[in-house]
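Listing of entry.pdb, PDB, C-alpha atoms, pLDDT in the B column
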```
MODEL        1
ATOM      1  CA  MET A   1       0.000   0.000   0.000  1.00 64.00           C
ATOM      2  CA  THR A   2       1.382   3.399  -0.975  1.00 69.00           C
ATOM      3  CA  TYR A   3       1.584   6.358   1.338  1.00 61.00           C
ATOM      4  CA  ASP A   4      -1.352   8.058  -0.420  1.00 60.00           C
ATOM      5  CA  GLU A   5      -3.500   4.912  -0.207  1.00 64.00           C
ATOM      6  CA  ASN A   6      -2.609   4.492   3.460  1.00 63.00           C
ATOM      7  CA  MET A   7      -3.438   8.136   4.151  1.00 61.00           C
ATOM      8  CA  ALA A   8      -6.794   7.871   2.344  1.00 62.00           C
ATOM      9  CA  SER A   9      -7.586   4.677   4.244  1.00 66.00           C
ATOM     10  CA  SER A  10      -6.727   6.385   7.531  1.00 65.00           C
ATOM     11  CA  MET A  11      -9.056   9.282   6.725  1.00 66.00           C
ATOM     12  CA  VAL A  12     -11.922   6.882   5.940  1.00 69.00           C
ATOM     13  CA  VAL A  13     -11.383   5.120   9.264  1.00 70.00           C
ATOM     14  CA  LEU A  14     -11.170   8.462  11.079  1.00 68.00           C
ATOM     15  CA  PHE A  15     -14.426   9.719   9.588  1.00 74.00           C
ATOM     16  CA  SER A  16     -16.209   6.441  10.292  1.00 79.00           C
ATOM     17  CA  ASN A  17     -15.362   6.525  13.993  1.00 88.00           C
ATOM     18  CA  PRO A  18     -18.647   7.029  15.888  1.00 90.00           C
ATOM     19  CA  SER A  19     -16.861   8.359  18.970  1.00 92.00           C
ATOM     20  CA  ILE A  20     -15.354  11.242  17.006  1.00 92.00           C
ATOM     21  CA  TRP A  21     -18.748  11.996  15.451  1.00 93.00           C
ATOM     22  CA  ALA A  22     -20.521  11.820  18.807  1.00 94.00           C
ATOM     23  CA  ALA A  23     -18.057  14.207  20.456  1.00 95.00           C
ATOM     24  CA  CYS A  24     -18.108  16.694  17.570  1.00 94.00           C
ATOM     25  CA  ILE A  25     -21.880  16.635  17.151  1.00 94.00           C
ATOM     26  CA  ALA A  26     -22.440  17.029  20.907  1.00 96.00           C
ATOM     27  CA  TRP A  27     -20.084  20.031  20.984  1.00 94.00           C
ATOM     28  CA  THR A  28     -21.780  21.573  17.935  1.00 94.00           C
ATOM     29  CA  ILE A  29     -25.285  21.111  19.364  1.00 94.00           C
ATOM     30  CA  ALA A  30     -24.190  22.661  22.669  1.00 93.00           C
ATOM     31  CA  GLN A  31     -22.561  25.666  20.981  1.00 93.00           C
ATOM     32  CA  PHE A  32     -25.619  26.299  18.773  1.00 92.00           C
ATOM     33  CA  THR A  33     -27.867  25.933  21.828  1.00 92.00           C
ATOM     34  CA  LYS A  34     -25.670  28.498  23.594  1.00 89.00           C
ATOM     35  CA  MET A  35     -26.111  30.858  20.638  1.00 90.00           C
ATOM     36  CA  LEU A  36     -29.904  30.351  20.706  1.00 90.00           C
ATOM     37  CA  CYS A  37     -29.995  31.010  24.465  1.00 86.00           C
ATOM     38  CA  GLY A  38     -28.043  34.224  23.860  1.00 85.00           C
ATOM     39  CA  PHE A  39     -30.474  35.209  21.101  1.00 88.00           C
ATOM     40  CA  TYR A  40     -33.408  34.568  23.439  1.00 88.00           C
ATOM     41  CA  ARG A  41     -31.839  36.818  26.116  1.00 86.00           C
ATOM     42  CA  THR A  42     -30.624  39.666  23.890  1.00 86.00           C
ATOM     43  CA  HIS A  43     -32.798  39.367  20.756  1.00 88.00           C
ATOM     44  CA  ARG A  44     -29.549  39.651  18.816  1.00 89.00           C
ATOM     45  CA  LEU A  45     -27.886  36.870  16.830  1.00 86.00           C
ATOM     46  CA  ASP A  46     -24.283  36.667  18.044  1.00 82.00           C
ATOM     47  CA  PHE A  47     -22.124  34.109  16.240  1.00 83.00           C
ATOM     48  CA  SER A  48     -19.305  34.519  18.778  1.00 79.00           C
ATOM     49  CA  TYR A  49     -21.244  32.072  20.982  1.00 75.00           C
ATOM     50  CA  LEU A  50     -20.186  29.333  18.553  1.00 79.00           C
ATOM     51  CA  VAL A  51     -16.612  29.538  19.854  1.00 77.00           C
ATOM     52  CA  SER A  52     -17.170  30.920  23.346  1.00 77.00           C
ATOM     53  CA  THR A  53     -16.504  29.294  26.686  1.00 72.00           C
ATOM     54  CA  GLY A  54     -18.931  29.317  29.579  1.00 72.00           C
ATOM     55  CA  GLY A  55     -22.668  29.694  29.438  1.00 75.00           C
ATOM     56  CA  MET A  56     -25.605  27.347  28.984  1.00 80.00           C
ATOM     57  CA  PRO A  57     -25.012  24.523  28.150  1.00 88.00           C
ATOM     58  CA  SER A  58     -21.437  23.421  28.694  1.00 89.00           C
ATOM     59  CA  ALA A  59     -20.000  22.370  25.330  1.00 90.00           C
ATOM     60  CA  HIS A  60     -16.970  20.872  27.091  1.00 89.00           C
ATOM     61  CA  SER A  61     -19.258  18.598  29.104  1.00 93.00           C
ATOM     62  CA  ALA A  62     -21.259  17.738  25.993  1.00 95.00           C
ATOM     63  CA  LEU A  63     -18.124  16.763  24.062  1.00 96.00           C
ATOM     64  CA  ALA A  64     -16.641  14.731  26.909  1.00 96.00           C
ATOM     65  CA  THR A  65     -19.846  12.836  27.735  1.00 96.00           C
ATOM     66  CA  GLY A  66     -20.584  12.292  24.048  1.00 96.00           C
ATOM     67  CA  LEU A  67     -17.171  10.701  23.683  1.00 97.00           C
ATOM     68  CA  ALA A  68     -17.465   8.581  26.834  1.00 97.00           C
ATOM     69  CA  THR A  69     -21.009   7.433  26.059  1.00 97.00           C
ATOM     70  CA  SER A  70     -20.173   6.447  22.491  1.00 96.00           C
ATOM     71  CA  LEU A  71     -17.139   4.514  23.739  1.00 96.00           C
ATOM     72  CA  GLY A  72     -19.341   2.688  26.229  1.00 96.00           C
ATOM     73  CA  ILE A  73     -21.972   1.849  23.629  1.00 95.00           C
ATOM     74  CA  THR A  74     -19.559   0.726  20.896  1.00 94.00           C
ATOM     75  CA  ILE A  75     -16.720  -0.887  22.874  1.00 95.00           C
ATOM     76  CA  GLY A  76     -18.472  -1.770  26.106  1.00 96.00           C
ATOM     77  CA  PHE A  77     -19.140  -0.089  29.412  1.00 96.00           C
ATOM     78  CA  ASP A  78     -16.824  -2.626  31.035  1.00 96.00           C
ATOM     79  CA  SER A  79     -13.819  -1.705  28.859  1.00 96.00           C
ATOM     80  CA  ALA A  80     -10.706   0.143  29.967  1.00 96.00           C
ATOM     81  CA  ILE A  81     -11.209   2.606  27.100  1.00 96.00           C
ATOM     82  CA  PHE A  82     -14.661   3.535  28.432  1.00 97.00           C
ATOM     83  CA  ALA A  83     -13.166   3.977  31.917  1.00 97.00           C
ATOM     84  CA  LEU A  84     -10.603   6.365  30.403  1.00 96.00           C
ATOM     85  CA  GLY A  85     -13.352   8.285  28.579  1.00 96.00           C
ATOM     86  CA  LEU A  86     -15.448   8.455  31.747  1.00 96.00           C
ATOM     87  CA  ALA A  87     -12.495   9.744  33.787  1.00 96.00           C
ATOM     88  CA  PHE A  88     -11.828  12.367  31.108  1.00 94.00           C
ATOM     89  CA  ALA A  89     -15.493  13.430  31.178  1.00 95.00           C
ATOM     90  CA  LEU A  90     -15.628  13.644  34.974  1.00 94.00           C
ATOM     91  CA  ILE A  91     -12.421  15.693  35.169  1.00 93.00           C
ATOM     92  CA  THR A  92     -13.677  17.996  32.405  1.00 90.00           C
ATOM     93  CA  MET A  93     -17.025  18.546  34.140  1.00 87.00           C
ATOM     94  CA  PHE A  94     -15.435  19.047  37.566  1.00 86.00           C
ATOM     95  CA  ASP A  95     -12.969  21.554  36.138  1.00 84.00           C
ATOM     96  CA  ALA A  96     -15.726  23.427  34.268  1.00 81.00           C
ATOM     97  CA  SER A  97     -17.886  23.777  37.369  1.00 77.00           C
ATOM     98  CA  THR A  98     -15.157  24.584  39.899  1.00 77.00           C
ATOM     99  CA  VAL A  99     -11.775  25.871  38.722  1.00 74.00           C
ATOM    100  CA  ARG A 100     -12.924  27.640  35.547  1.00 67.00           C
ATOM    101  CA  ARG A 101     -16.051  28.975  37.274  1.00 67.00           C
ATOM    102  CA  ALA A 102     -13.946  30.401  40.109  1.00 70.00           C
ATOM    103  CA  ALA A 103     -11.625  32.040  37.576  1.00 72.00           C
ATOM    104  CA  GLY A 104     -14.653  33.646  35.903  1.00 69.00           C
ATOM    105  CA  LEU A 105     -15.961  34.980  39.223  1.00 68.00           C
ATOM    106  CA  GLN A 106     -12.521  36.367  40.056  1.00 74.00           C
ATOM    107  CA  ALA A 107     -12.366  38.034  36.632  1.00 73.00           C
ATOM    108  CA  ARG A 108     -15.752  39.680  37.292  1.00 73.00           C
ATOM    109  CA  LEU A 109     -14.536  41.011  40.640  1.00 76.00           C
ATOM    110  CA  LEU A 110     -11.275  42.300  39.139  1.00 76.00           C
ATOM    111  CA  ASN A 111     -13.234  44.017  36.371  1.00 73.00           C
ATOM    112  CA  GLU A 112     -15.381  45.761  39.000  1.00 75.00           C
ATOM    113  CA  ILE A 113     -12.242  46.883  40.853  1.00 74.00           C
ATOM    114  CA  ILE A 114     -10.738  48.183  37.600  1.00 72.00           C
ATOM    115  CA  ASP A 115     -13.981  50.058  36.836  1.00 74.00           C
ATOM    116  CA  GLU A 116     -13.790  51.778  40.214  1.00 71.00           C
ATOM    117  CA  LEU A 117     -10.102  52.625  39.816  1.00 71.00           C
ATOM    118  CA  PHE A 118     -10.624  53.793  36.239  1.00 70.00           C
ATOM    119  CA  LYS A 119     -13.061  56.443  37.421  1.00 72.00           C
ATOM    120  CA  GLU A 120     -10.280  58.027  39.481  1.00 66.00           C
ATOM    121  CA  HIS A 121      -7.130  57.173  37.513  1.00 63.00           C
ATOM    122  CA  HIS A 122      -5.927  56.311  34.051  1.00 60.00           C
ATOM    123  CA  PHE A 123      -5.819  52.534  33.665  1.00 58.00           C
ATOM    124  CA  SER A 124      -6.165  50.226  30.723  1.00 59.00           C
ATOM    125  CA  GLU A 125      -9.800  49.659  29.790  1.00 60.00           C
ATOM    126  CA  ARG A 126      -9.076  46.054  28.792  1.00 60.00           C
ATOM    127  CA  LYS A 127     -11.387  43.653  30.601  1.00 57.00           C
ATOM    128  CA  LEU A 128     -10.820  40.063  31.668  1.00 50.00           C
ATOM    129  CA  ALA A 129     -13.032  37.334  30.252  1.00 55.00           C
ATOM    130  CA  GLU A 130     -15.676  36.582  32.867  1.00 51.00           C
ATOM    131  CA  LEU A 131     -17.575  33.788  31.165  1.00 53.00           C
ATOM    132  CA  LEU A 132     -15.061  30.988  31.658  1.00 57.00           C
ATOM    133  CA  GLY A 133     -16.750  28.287  33.685  1.00 65.00           C
ATOM    134  CA  HIS A 134     -20.150  26.789  34.241  1.00 74.00           C
ATOM    135  CA  THR A 135     -22.755  26.329  36.907  1.00 79.00           C
ATOM    136  CA  ARG A 136     -23.644  22.748  37.792  1.00 81.00           C
ATOM    137  CA  ILE A 137     -26.877  22.966  35.779  1.00 86.00           C
ATOM    138  CA  GLU A 138     -24.932  24.121  32.701  1.00 86.00           C
ATOM    139  CA  VAL A 139     -22.586  21.153  33.136  1.00 87.00           C
ATOM    140  CA  LEU A 140     -25.540  18.787  33.611  1.00 88.00           C
ATOM    141  CA  MET A 141     -27.286  20.073  30.487  1.00 88.00           C
ATOM    142  CA  GLY A 142     -24.052  19.666  28.514  1.00 89.00           C
ATOM    143  CA  ALA A 143     -23.728  16.102  29.779  1.00 90.00           C
ATOM    144  CA  ILE A 144     -27.308  15.312  28.735  1.00 92.00           C
ATOM    145  CA  ILE A 145     -26.641  16.721  25.257  1.00 92.00           C
ATOM    146  CA  GLY A 146     -23.486  14.588  25.026  1.00 93.00           C
ATOM    147  CA  ILE A 147     -25.279  11.397  26.032  1.00 91.00           C
ATOM    148  CA  LEU A 148     -28.154  12.023  23.609  1.00 92.00           C
ATOM    149  CA  ALA A 149     -25.787  12.918  20.768  1.00 92.00           C
ATOM    150  CA  ALA A 150     -23.809   9.708  21.313  1.00 93.00           C
ATOM    151  CA  MET A 151     -26.976   7.623  21.341  1.00 92.00           C
ATOM    152  CA  LEU A 152     -28.111   9.322  18.133  1.00 91.00           C
ATOM    153  CA  VAL A 153     -24.769   8.903  16.347  1.00 91.00           C
ATOM    154  CA  VAL A 154     -24.349   5.252  17.305  1.00 89.00           C
ATOM    155  CA  SER A 155     -27.890   4.519  16.108  1.00 86.00           C
ATOM    156  CA  PHE A 156     -26.875   5.511  12.546  1.00 79.00           C
ATOM    157  CA  PRO A 157     -24.921   2.503  11.224  1.00 66.00           C
ATOM    158  CA  TYR A 158     -23.901   4.236   7.980  1.00 60.00           C
ATOM    159  CA  LEU A 159     -21.562   6.475  10.001  1.00 56.00           C
ATOM    160  CA  THR A 160     -19.609   3.465  11.220  1.00 53.00           C
ATOM    161  CA  ALA A 161     -19.679   1.389   8.031  1.00 51.00           C
ATOM    162  CA  LYS A 162     -16.217   0.254   7.077  1.00 47.00           C
TER     163      LYS A 162
ENDMDL
END
```
In structure tokens, how does this file's structure come out?
Amino acid sequence: MTYDENMASSMVVLFSNPSIWAACIAWTIAQFTKMLCGFYRTHRLDFSYLVSTGGMPSAHSALATGLATSLGITIGFDSAIFALGLAFALITMFDASTVRRAAGLQARLLNEIIDELFKEHHFSERKLAELLGHTRIEVLMGAIIGILAAMLVVSFPYLTAK
């Protein structure tokens, strides 16, 4: 097999992997849902939500649970690979709801301090990103999207046909 044939074969295998599809579709659904939630709140269509962090639902949680769920369904919930995917998902969700959320709250407080100081002095007007992490409900909704996306992807056999 030539290099080009091997590369083409690898791409076919990559694109027929249901776990990759489940993770990507879960992330995409979560990001579009985030954009729709933003539209509902502001009545303005803002495409920056498609690549933003934080907010409802958690796209990180959706991706991680989509991956873990599809691994469990296709390889087995008793496999070491599923255990790895589950650990990855749990760490991702814990980080999103604790460490990244705390960083976002700290950024909000620092921005308020800068606003107060800016009124009196000349400081940079650059703000810190406040929407970094997620509440537990945002993480939960992301996880639900991930699980449903994985179940949907795995139910379409043409995606995994070799």
Just the residues within 12 Å of stretch 141-151 of chain A, please, counting all atoms listed in the file, with nothing from its chain fewer than 2 positions along; format it as a count of residues only.
-> 59
Enter the distance from atom CA of A:Gly76 to atom CA of A:Ser16, in Å, rounded to one decimal.
->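 According to the coordinates, atom CA of A:Gly76 and atom CA of A:Ser16 are separated by 18.0 Å.
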Just how far from atom CA of A:Leu140 is atom CA of A:Gly85, in Å to one decimal?
->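 Spanning atom CA of A:Gly85 to atom CA of A:Leu140 is a straight-line distance of 16.9 Å.
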Between atom CA of A:Leu117 and atom CA of A:Thr98, distance in Å (one decimal) |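 So the answer is 28.5 Å.
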Result set of the PyMOL selection byres ((chain A and resi 35) around 8) on the coordinates above, as a list of chain:residue names | A:Gln31, A:Phe32, A:Thr33, A:Lys34, A:Leu36, A:Cys37, A:Gly38, A:Phe39, A:Leu45, A:Asp46, A:Phe47, A:Ser48, A:Tyr49, A:Leu50
Could the residues in this selection be saved with C-alpha atoms as a PDB file, in the frame of the given file?
```
ATOM      1  CA  GLN A  31     -22.561  25.666  20.981  1.00 93.00           C
ATOM      2  CA  PHE A  32     -25.619  26.299  18.773  1.00 92.00           C
ATOM      3  CA  THR A  33     -27.867  25.933  21.828  1.00 92.00           C
ATOM      4  CA  LYS A  34     -25.670  28.498  23.594  1.00 89.00           C
ATOM      5  CA  LEU A  36     -29.904  30.351  20.706  1.00 90.00           C
ATOM      6  CA  CYS A  37     -29.995  31.010  24.465  1.00 86.00           C
ATOM      7  CA  GLY A  38     -28.043  34.224  23.860  1.00 85.00           C
ATOM      8  CA  PHE A  39     -30.474  35.209  21.101  1.00 88.00           C
ATOM      9  CA  LEU A  45     -27.886  36.870  16.830  1.00 86.00           C
ATOM     10  CA  ASP A  46     -24.283  36.667  18.044  1.00 82.00           C
ATOM     11  CA  PHE A  47     -22.124  34.109  16.240  1.00 83.00           C
ATOM     12  CA  SER A  48     -19.305  34.519  18.778  1.00 79.00           C
ATOM     13  CA  TYR A  49     -21.244  32.072  20.982  1.00 75.00           C
ATOM     14  CA  LEU A  50     -20.186  29.333  18.553  1.00 79.00           C
TER      15      LEU A  50
END
```
Start from the incomplete input, build N, CA and C atoms for stretch 54-74 of chain A, and deliver everything as a PDB file, in the coordinates of the input.
```pdb
ATOM      1  N   GLY A  54     -17.956  28.938  28.569  1.00 72.00           N
ATOM      2  CA  GLY A  54     -18.931  29.317  29.579  1.00 72.00           C
ATOM      3  C   GLY A  54     -20.330  29.400  29.001  1.00 72.00           C
ATOM      4  N   GLY A  55     -21.292  29.543  29.869  1.00 75.00           N
ATOM      5  CA  GLY A  55     -22.668  29.694  29.438  1.00 75.00           C
ATOM      6  C   GLY A  55     -23.415  28.376  29.365  1.00 75.00           C
ATOM      7  N   MET A  56     -24.696  28.497  29.027  1.00 80.00           N
ATOM      8  CA  MET A  56     -25.605  27.347  28.984  1.00 80.00           C
ATOM      9  C   MET A  56     -25.775  26.865  27.564  1.00 80.00           C
ATOM     10  N   PRO A  57     -25.565  25.599  27.321  1.00 88.00           N
ATOM     11  CA  PRO A  57     -25.012  24.523  28.150  1.00 88.00           C
ATOM     12  C   PRO A  57     -23.498  24.440  27.975  1.00 88.00           C
ATOM     13  N   SER A  58     -22.881  23.600  28.771  1.00 89.00           N
ATOM     14  CA  SER A  58     -21.437  23.421  28.694  1.00 89.00           C
ATOM     15  C   SER A  58     -21.086  22.541  27.496  1.00 89.00           C
ATOM     16  N   ALA A  59     -20.421  23.133  26.507  1.00 90.00           N
ATOM     17  CA  ALA A  59     -20.000  22.370  25.330  1.00 90.00           C
ATOM     18  C   ALA A  59     -18.873  21.403  25.677  1.00 90.00           C
ATOM     19  N   HIS A  60     -18.039  21.782  26.653  1.00 89.00           N
ATOM     20  CA  HIS A  60     -16.970  20.872  27.091  1.00 89.00           C
ATOM     21  C   HIS A  60     -17.577  19.597  27.679  1.00 89.00           C
ATOM     22  N   SER A  61     -18.598  19.763  28.506  1.00 93.00           N
ATOM     23  CA  SER A  61     -19.258  18.598  29.104  1.00 93.00           C
ATOM     24  C   SER A  61     -19.961  17.775  28.038  1.00 93.00           C
ATOM     25  N   ALA A  62     -20.581  18.443  27.075  1.00 95.00           N
ATOM     26  CA  ALA A  62     -21.259  17.738  25.993  1.00 95.00           C
ATOM     27  C   ALA A  62     -20.266  16.892  25.193  1.00 95.00           C
ATOM     28  N   LEU A  63     -19.147  17.485  24.821  1.00 96.00           N
ATOM     29  CA  LEU A  63     -18.124  16.763  24.062  1.00 96.00           C
ATOM     30  C   LEU A  63     -17.601  15.567  24.850  1.00 96.00           C
ATOM     31  N   ALA A  64     -17.243  15.794  26.100  1.00 96.00           N
ATOM     32  CA  ALA A  64     -16.641  14.731  26.909  1.00 96.00           C
ATOM     33  C   ALA A  64     -17.620  13.590  27.175  1.00 96.00           C
ATOM     34  N   THR A  65     -18.876  13.911  27.483  1.00 96.00           N
ATOM     35  CA  THR A  65     -19.846  12.836  27.735  1.00 96.00           C
ATOM     36  C   THR A  65     -20.273  12.161  26.441  1.00 96.00           C
ATOM     37  N   GLY A  66     -20.307  12.912  25.341  1.00 96.00           N
ATOM     38  CA  GLY A  66     -20.584  12.292  24.048  1.00 96.00           C
ATOM     39  C   GLY A  66     -19.530  11.259  23.696  1.00 96.00           C
ATOM     40  N   LEU A  67     -18.276  11.618  23.924  1.00 97.00           N
ATOM     41  CA  LEU A  67     -17.171  10.701  23.683  1.00 97.00           C
ATOM     42  C   LEU A  67     -17.264   9.473  24.580  1.00 97.00           C
ATOM     43  N   ALA A  68     -17.423   9.700  25.883  1.00 97.00           N
ATOM     44  CA  ALA A  68     -17.465   8.581  26.834  1.00 97.00           C
ATOM     45  C   ALA A  68     -18.652   7.659  26.564  1.00 97.00           C
ATOM     46  N   THR A  69     -19.816   8.251  26.303  1.00 97.00           N
ATOM     47  CA  THR A  69     -21.009   7.433  26.059  1.00 97.00           C
ATOM     48  C   THR A  69     -20.854   6.602  24.794  1.00 97.00           C
ATOM     49  N   SER A  70     -20.345   7.209  23.725  1.00 96.00           N
ATOM     50  CA  SER A  70     -20.173   6.447  22.491  1.00 96.00           C
ATOM     51  C   SER A  70     -19.142   5.335  22.666  1.00 96.00           C
ATOM     52  N   LEU A  71     -18.109   5.572  23.453  1.00 96.00           N
ATOM     53  CA  LEU A  71     -17.139   4.514  23.739  1.00 96.00           C
ATOM     54  C   LEU A  71     -17.811   3.370  24.501  1.00 96.00           C
ATOM     55  N   GLY A  72     -18.635   3.722  25.468  1.00 96.00           N
ATOM     56  CA  GLY A  72     -19.341   2.688  26.229  1.00 96.00           C
ATOM     57  C   GLY A  72     -20.279   1.873  25.359  1.00 96.00           C
ATOM     58  N   ILE A  73     -21.010   2.548  24.489  1.00 95.00           N
ATOM     59  CA  ILE A  73     -21.972   1.849  23.629  1.00 95.00           C
ATOM     60  C   ILE A  73     -21.265   0.961  22.612  1.00 95.00           C
ATOM     61  N   THR A  74     -20.205   1.476  21.988  1.00 94.00           N
ATOM     62  CA  THR A  74     -19.559   0.726  20.896  1.00 94.00           C
ATOM     63  C   THR A  74     -18.529  -0.292  21.366  1.00 94.00           C
TER      64      THR A  74
END
```
